[in-house]
Structure formats: structure tokens, C-alpha cells
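Following: one structure in C-alpha cells, then a few remarks.
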Amino acid sequence: MLASLTSSAAGAEIRGKVGISVDGFNLVSLKPGTVTEMQLTNAAGEQMRTFADSHGWFTLHDVAPGTYVLTTINPMFIYPELQLDVTAKAGLARAAYLVNKQQMMVQPFIIRPVALAQYYELRKPLDLWSFIKSPYGMMIGFMLFGIFVFPMLKVDPEEYKEAMAQLKGQAPADSGSSQQRIRDR
């Protein structure tokens with residue numbers, strides 16, 4: 001955005017151009033149909049508004065001396081705010097970025113967009129570990145544990161004695177009675 005200040009009988013006139021920087025230096029007009037609003041706000045909260053034309057040019061007429069904040073509103077880009085100090089001497093002005101007041105600007109004021117406007121949070125890609133930590137993942141994990149591991153943990157005490165005896169290489173002490181129990185079931 002290029003802005004220059006000239007004086008008129010009733011007050012200063014602020015002119016400028018809103019555009020985007022393609023190569024980091026040259027300003028290019030915005031796409032046709034894009035509405036760009038310029039707001040000039042003083043310390044009391046009073047506002048002057050104007051819209052940029054199809055080529056990006058705008059004009060604010062009869063700006064009284066004082067300190068103002070120039071805000072550019074565009075649905076596609078985020079522009080930094082500019083602090084304008086308009087003096088009574090022939091409508092002279094100086095400007096600085098509202099965020100970094102150490103960086104003073106001389107005319108013509110050049111403001112480039114800071115970033116593209118993003119209205120929605122980008123969706124995170126699917127992550128297996130995040131799914132496992134979620135309540136759904138834990139519920140599925142407990143269900144699988146119950147289906148596959150719990151049946152293996154169910155051991156009859158007599159079957160346990162037989163298994164331990166087989167591991168030690170001994171014959172089960174009461175093998176006939178356990179076989180009879182299996183037939184009875």
C-alpha cells in the first residue's frame with residue numbers, strides 16, 4: 001500500500017494503494033471483486049472509512065491533525081496496522097508500524113501483507129500413536145486385551161499342576177482322576 005499525505009483547506013488528505021507483493025518489491029493490484037476497506041481510527045475511537053477501487057487506490061479526505069491508526073481489512077490477506085501522526089503544519093505526517101514503532105517510514109508509505117488469512121485450522125494428518133492414546137483407541141485396546149488375553153489367563157488349578165509336572169519331566173500325580181473329570185464334563 002502506498003500512501004501519501006497532502007494538505008487541503010479543511011484537513012489533510014491520505015491517499016494510497018493496496019496491493020500484494022509478488023516479487024517482494026513491486027506491488028500488484030488485488031483480484032477483481034476483492035473488497036478492501038481502509039479504517040482510520042483516532043484515540044477517541046472515531047473512525048473514517050473508505051474502500052479501495054478496482055485498482056486498489058483509496059483516498060481519505062479531511063483528516064484533522066492528531067494520531068491515528070490505519071487498518072487495512074481484506075478477506076484474503078493480513079496487513080500490519082500503521083500509526084499515523086498528522087501535524088497541523090501543512091498536513092505533514094509520519095508513520096510507523098504499530099507493532100514496531102522504532103521503524104519509521106517516509107512517504108510514500110509502503111505496507112505489504114504479513115500473511116495470508118486463514119479462517120480454519122488445518123487438519124492434522126492421521127497419527128497412529130495419537131489414535132492409540134485417544135479414548136477410542138484405549139477402548140479398542142482394552143477390548144482386544146479382553147478377547148485374546150483373558151481367556152489365556154483362565155487356568156484350572158489341576159491343569160496348572162499337570163503343566164508344571166510336564167515341565168519338570170514328571171508324570172502327573174493324579175492323572176487318572178483328572179482324565180475322569182474331563183470325561184464327566
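Within each chain, counting starts at residue 1; across the C-alpha cells, chains are named A, B, ... in the order shown, with ligands numbered 1 upward in that order.
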Task: Per-residue DSSP, region 74-161 of chain A, filtered to strand (DSSP E or B), as a PyMOL selection string - done: chain A and resi 77-78+82-86+93-97+104-105+109-110+115-116
Output file for the residues above (N, CA and C atoms, as a PDB file, in the first residue's frame):
ATOM      1  N   PHE A  77      -5.879 -11.325   2.868  1.00  0.00           N
ATOM      2  CA  PHE A  77      -4.547 -11.050   3.415  1.00  0.00           C
ATOM      3  C   PHE A  77      -4.655 -10.367   4.768  1.00  0.00           C
ATOM      4  N   ILE A  78      -3.593 -10.485   5.554  1.00  0.00           N
ATOM      5  CA  ILE A  78      -3.481  -9.775   6.821  1.00  0.00           C
ATOM      6  C   ILE A  78      -2.404  -8.716   6.644  1.00  0.00           C
ATOM      7  N   LEU A  82      -0.803   0.576  10.885  1.00  0.00           N
ATOM      8  CA  LEU A  82       0.135   1.671  10.747  1.00  0.00           C
ATOM      9  C   LEU A  82      -0.318   2.821  11.636  1.00  0.00           C
ATOM     10  N   GLN A  83       0.608   3.392  12.407  1.00  0.00           N
ATOM     11  CA  GLN A  83       0.288   4.559  13.225  1.00  0.00           C
ATOM     12  C   GLN A  83       0.690   5.806  12.457  1.00  0.00           C
ATOM     13  N   LEU A  84      -0.285   6.695  12.224  1.00  0.00           N
ATOM     14  CA  LEU A  84      -0.043   7.950  11.504  1.00  0.00           C
ATOM     15  C   LEU A  84      -0.121   9.111  12.487  1.00  0.00           C
ATOM     16  N   ASP A  85       0.862   9.977  12.450  1.00  0.00           N
ATOM     17  CA  ASP A  85       0.845  11.222  13.216  1.00  0.00           C
ATOM     18  C   ASP A  85       0.715  12.360  12.223  1.00  0.00           C
ATOM     19  N   VAL A  86      -0.451  12.986  12.193  1.00  0.00           N
ATOM     20  CA  VAL A  86      -0.717  14.098  11.274  1.00  0.00           C
ATOM     21  C   VAL A  86      -0.532  15.393  12.055  1.00  0.00           C
ATOM     22  N   ALA A  93       2.850  14.316   7.812  1.00  0.00           N
ATOM     23  CA  ALA A  93       2.595  13.100   8.586  1.00  0.00           C
ATOM     24  C   ALA A  93       3.844  12.246   8.633  1.00  0.00           C
ATOM     25  N   ARG A  94       3.945  11.496   9.691  1.00  0.00           N
ATOM     26  CA  ARG A  94       4.963  10.465   9.777  1.00  0.00           C
ATOM     27  C   ARG A  94       4.248   9.187  10.186  1.00  0.00           C
ATOM     28  N   ALA A  95       4.835   8.084   9.843  1.00  0.00           N
ATOM     29  CA  ALA A  95       4.176   6.807  10.093  1.00  0.00           C
ATOM     30  C   ALA A  95       5.156   5.800  10.649  1.00  0.00           C
ATOM     31  N   ALA A  96       4.623   4.868  11.416  1.00  0.00           N
ATOM     32  CA  ALA A  96       5.406   3.757  11.957  1.00  0.00           C
ATOM     33  C   ALA A  96       4.479   2.559  12.076  1.00  0.00           C
ATOM     34  N   TYR A  97       5.070   1.379  11.985  1.00  0.00           N
ATOM     35  CA  TYR A  97       4.276   0.181  12.213  1.00  0.00           C
ATOM     36  C   TYR A  97       3.834   0.167  13.667  1.00  0.00           C
ATOM     37  N   MET A 104      10.500   3.859  11.544  1.00  0.00           N
ATOM     38  CA  MET A 104       9.756   4.993  10.997  1.00  0.00           C
ATOM     39  C   MET A 104       9.749   4.898   9.477  1.00  0.00           C
ATOM     40  N   MET A 105       8.686   5.399   8.882  1.00  0.00           N
ATOM     41  CA  MET A 105       8.570   5.352   7.427  1.00  0.00           C
ATOM     42  C   MET A 105       8.422   6.757   6.880  1.00  0.00           C
ATOM     43  N   PHE A 109       4.305   5.753   1.921  1.00  0.00           N
ATOM     44  CA  PHE A 109       4.231   4.651   2.878  1.00  0.00           C
ATOM     45  C   PHE A 109       3.975   3.355   2.121  1.00  0.00           C
ATOM     46  N   ILE A 110       4.786   2.349   2.368  1.00  0.00           N
ATOM     47  CA  ILE A 110       4.626   1.065   1.690  1.00  0.00           C
ATOM     48  C   ILE A 110       4.335   0.000   2.730  1.00  0.00           C
ATOM     49  N   ALA A 115       0.697 -11.908   5.954  1.00  0.00           N
ATOM     50  CA  ALA A 115       0.405 -13.326   5.738  1.00  0.00           C
ATOM     51  C   ALA A 115      -0.919 -13.469   5.023  1.00  0.00           C
ATOM     52  N   LEU A 116      -1.174 -14.663   4.553  1.00  0.00           N
ATOM     53  CA  LEU A 116      -2.484 -14.999   4.013  1.00  0.00           C
ATOM     54  C   LEU A 116      -3.444 -15.207   5.178  1.00  0.00           C
TER      55      LEU A 116
END
Got a sec: who's within 12 Å of region 32-43 of chain A, counting only C-alpha atoms, leaving out chain neighbours fewer than 5 positions off, as a short mmCIF file (atom, residue, chain, number, x, y, z; two decimals) with N, CA, C and O atoms, in the first residue's frame?
data_model
loop_
_atom_site.label_atom_id
_atom_site.label_comp_id
_atom_site.auth_asym_id
_atom_site.auth_seq_id
_atom_site.Cartn_x
_atom_site.Cartn_y
_atom_site.Cartn_z
N MET A 1 0.85 -1.15 0.00
CA MET A 1 0.00 0.00 0.00
C MET A 1 0.90 1.22 0.00
O MET A 1 1.75 1.36 0.87
N ALA A 3 0.98 5.23 0.45
CA ALA A 3 0.13 6.28 0.98
C ALA A 3 0.93 7.58 1.02
O ALA A 3 2.09 7.59 1.38
N GLU A 13 -5.29 15.05 3.44
CA GLU A 13 -5.87 14.02 2.58
C GLU A 13 -4.86 12.87 2.48
O GLU A 13 -3.71 13.08 2.14
N ILE A 14 -5.32 11.67 2.81
CA ILE A 14 -4.45 10.50 2.76
C ILE A 14 -4.84 9.67 1.55
O ILE A 14 -5.99 9.29 1.38
N ARG A 15 -3.86 9.42 0.72
CA ARG A 15 -4.07 8.60 -0.47
C ARG A 15 -3.13 7.42 -0.42
O ARG A 15 -2.06 7.50 0.17
N GLY A 16 -3.54 6.35 -1.06
CA GLY A 16 -2.66 5.20 -1.08
C GLY A 16 -3.16 4.12 -2.01
O GLY A 16 -4.19 4.27 -2.67
N LYS A 17 -2.42 3.06 -2.06
CA LYS A 17 -2.78 1.94 -2.90
C LYS A 17 -2.57 0.65 -2.12
O LYS A 17 -1.55 0.47 -1.47
N VAL A 18 -3.55 -0.22 -2.22
CA VAL A 18 -3.47 -1.53 -1.57
C VAL A 18 -3.14 -2.55 -2.64
O VAL A 18 -3.75 -2.55 -3.71
N GLY A 19 -2.16 -3.36 -2.39
CA GLY A 19 -1.79 -4.39 -3.33
C GLY A 19 -1.03 -5.49 -2.64
O GLY A 19 -0.83 -5.46 -1.44
N ILE A 20 -0.64 -6.47 -3.42
CA ILE A 20 0.16 -7.56 -2.89
C ILE A 20 1.52 -7.54 -3.57
O ILE A 20 1.65 -7.09 -4.70
N MET A 48 -12.86 6.88 10.38
CA MET A 48 -13.13 7.28 9.00
C MET A 48 -12.89 6.04 8.16
O MET A 48 -11.91 5.33 8.38
N ARG A 49 -13.80 5.78 7.23
CA ARG A 49 -13.68 4.57 6.42
C ARG A 49 -13.77 4.90 4.94
O ARG A 49 -14.47 5.83 4.56
N THR A 50 -13.09 4.09 4.17
CA THR A 50 -13.21 4.18 2.72
C THR A 50 -12.88 2.81 2.14
O THR A 50 -12.34 1.96 2.83
N PHE A 51 -13.25 2.63 0.90
CA PHE A 51 -12.96 1.38 0.21
C PHE A 51 -12.03 1.65 -0.96
O PHE A 51 -12.10 2.69 -1.60
N ALA A 52 -11.18 0.69 -1.23
CA ALA A 52 -10.27 0.81 -2.37
C ALA A 52 -11.05 0.53 -3.65
O ALA A 52 -11.99 -0.26 -3.67
N ASP A 53 -10.66 1.21 -4.73
CA ASP A 53 -11.33 0.98 -6.02
C ASP A 53 -10.82 -0.32 -6.65
O ASP A 53 -10.07 -1.07 -6.03
N SER A 54 -11.22 -0.58 -7.87
CA SER A 54 -10.86 -1.85 -8.53
C SER A 54 -9.36 -1.99 -8.76
O SER A 54 -8.87 -3.11 -8.94
N HIS A 55 -8.63 -0.88 -8.77
CA HIS A 55 -7.18 -0.94 -8.96
C HIS A 55 -6.42 -0.86 -7.64
O HIS A 55 -5.19 -0.87 -7.64
N GLY A 56 -7.14 -0.74 -6.52
CA GLY A 56 -6.50 -0.71 -5.21
C GLY A 56 -6.27 0.67 -4.64
O GLY A 56 -5.74 0.80 -3.55
N TRP A 57 -6.66 1.73 -5.35
CA TRP A 57 -6.44 3.10 -4.86
C TRP A 57 -7.54 3.51 -3.89
O TRP A 57 -8.70 3.17 -4.07
N PHE A 58 -7.16 4.27 -2.86
CA PHE A 58 -8.13 4.80 -1.90
C PHE A 58 -7.72 6.21 -1.50
O PHE A 58 -6.58 6.62 -1.67
N THR A 59 -8.71 6.96 -0.98
CA THR A 59 -8.45 8.33 -0.51
C THR A 59 -9.29 8.58 0.74
O THR A 59 -10.48 8.29 0.76
N LEU A 60 -8.66 9.16 1.77
CA LEU A 60 -9.36 9.62 2.97
C LEU A 60 -9.24 11.14 2.98
O LEU A 60 -8.14 11.68 3.02
N HIS A 61 -10.38 11.83 2.95
CA HIS A 61 -10.40 13.30 2.88
C HIS A 61 -10.58 13.91 4.26
O HIS A 61 -11.17 13.31 5.16
N ASP A 62 -10.09 15.15 4.39
CA ASP A 62 -10.29 15.99 5.57
C ASP A 62 -9.89 15.30 6.87
O ASP A 62 -10.67 15.19 7.82
N VAL A 63 -8.67 14.85 6.94
CA VAL A 63 -8.16 14.22 8.16
C VAL A 63 -7.58 15.31 9.05
O VAL A 63 -6.65 16.00 8.67
N ALA A 64 -8.14 15.47 10.23
CA ALA A 64 -7.71 16.50 11.17
C ALA A 64 -6.37 16.11 11.79
O ALA A 64 -6.01 14.93 11.83
N PRO A 65 -5.59 17.08 12.28
CA PRO A 65 -4.32 16.76 12.94
C PRO A 65 -4.55 15.87 14.16
O PRO A 65 -5.54 16.00 14.87
N GLY A 66 -3.62 14.95 14.39
CA GLY A 66 -3.73 14.02 15.52
C GLY A 66 -3.02 12.71 15.21
O GLY A 66 -2.34 12.56 14.20
N THR A 67 -3.21 11.78 16.11
CA THR A 67 -2.61 10.46 15.96
C THR A 67 -3.70 9.47 15.58
O THR A 67 -4.76 9.42 16.20
N TYR A 68 -3.43 8.67 14.56
CA TYR A 68 -4.42 7.72 14.03
C TYR A 68 -3.78 6.35 13.84
O TYR A 68 -2.57 6.23 13.74
N VAL A 69 -4.64 5.36 13.76
CA VAL A 69 -4.23 4.00 13.40
C VAL A 69 -4.91 3.67 12.08
O VAL A 69 -6.14 3.74 11.97
N LEU A 70 -4.11 3.34 11.09
CA LEU A 70 -4.63 2.98 9.78
C LEU A 70 -4.67 1.46 9.68
O LEU A 70 -3.64 0.80 9.77
N THR A 71 -5.87 0.92 9.49
CA THR A 71 -6.07 -0.52 9.42
C THR A 71 -6.57 -0.89 8.04
O THR A 71 -7.49 -0.26 7.52
N THR A 72 -5.98 -1.91 7.45
CA THR A 72 -6.40 -2.43 6.15
C THR A 72 -7.13 -3.74 6.39
O THR A 72 -6.58 -4.67 6.98
N ILE A 73 -8.37 -3.81 5.91
CA ILE A 73 -9.18 -5.02 6.10
C ILE A 73 -9.41 -5.65 4.74
O ILE A 73 -10.00 -5.03 3.84
N ASN A 74 -8.91 -6.87 4.59
CA ASN A 74 -9.05 -7.61 3.35
C ASN A 74 -9.30 -9.07 3.71
O ASN A 74 -8.62 -9.61 4.57
N PRO A 75 -10.25 -9.73 3.05
CA PRO A 75 -10.55 -11.12 3.42
C PRO A 75 -9.47 -12.13 3.03
O PRO A 75 -9.46 -13.23 3.54
N MET A 76 -8.55 -11.75 2.15
CA MET A 76 -7.54 -12.70 1.69
C MET A 76 -6.18 -12.53 2.37
O MET A 76 -5.41 -13.48 2.45
N PHE A 77 -5.88 -11.33 2.87
CA PHE A 77 -4.55 -11.05 3.42
C PHE A 77 -4.65 -10.37 4.77
O PHE A 77 -5.64 -9.71 5.08
N ILE A 78 -3.59 -10.49 5.55
CA ILE A 78 -3.48 -9.77 6.82
C ILE A 78 -2.40 -8.72 6.64
O ILE A 78 -1.26 -9.03 6.30
N TYR A 79 -2.79 -7.47 6.85
CA TYR A 79 -1.87 -6.33 6.72
C TYR A 79 -1.51 -5.81 8.11
O TYR A 79 -2.36 -5.82 9.02
N GLU A 81 -0.91 -2.98 11.00
CA GLU A 81 -1.51 -1.68 11.27
C GLU A 81 -0.41 -0.62 11.27
O GLU A 81 0.73 -0.89 11.62
N LEU A 82 -0.80 0.58 10.89
CA LEU A 82 0.13 1.67 10.75
C LEU A 82 -0.32 2.82 11.64
O LEU A 82 -1.49 3.17 11.65
N GLN A 83 0.61 3.39 12.41
CA GLN A 83 0.29 4.56 13.22
C GLN A 83 0.69 5.81 12.46
O GLN A 83 1.85 5.96 12.07
N LEU A 84 -0.29 6.69 12.22
CA LEU A 84 -0.04 7.95 11.50
C LEU A 84 -0.12 9.11 12.49
O LEU A 84 -1.07 9.22 13.26
N ASP A 85 0.86 9.98 12.45
CA ASP A 85 0.84 11.22 13.22
C ASP A 85 0.72 12.36 12.22
O ASP A 85 1.65 12.66 11.48
N VAL A 86 -0.45 12.99 12.19
CA VAL A 86 -0.72 14.10 11.27
C VAL A 86 -0.53 15.39 12.05
O VAL A 86 -1.13 15.59 13.11
#
Task: Coordinates-based distance that separates CA of Phe145 (chain A) from CA of Trp129 (chain A) (Å, one decimal) - done: 17.7 Å
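In this model, the gap between CA of Tyr120 (chain A) and CA of Gly45 (chain A) comes to 29.9 Å.
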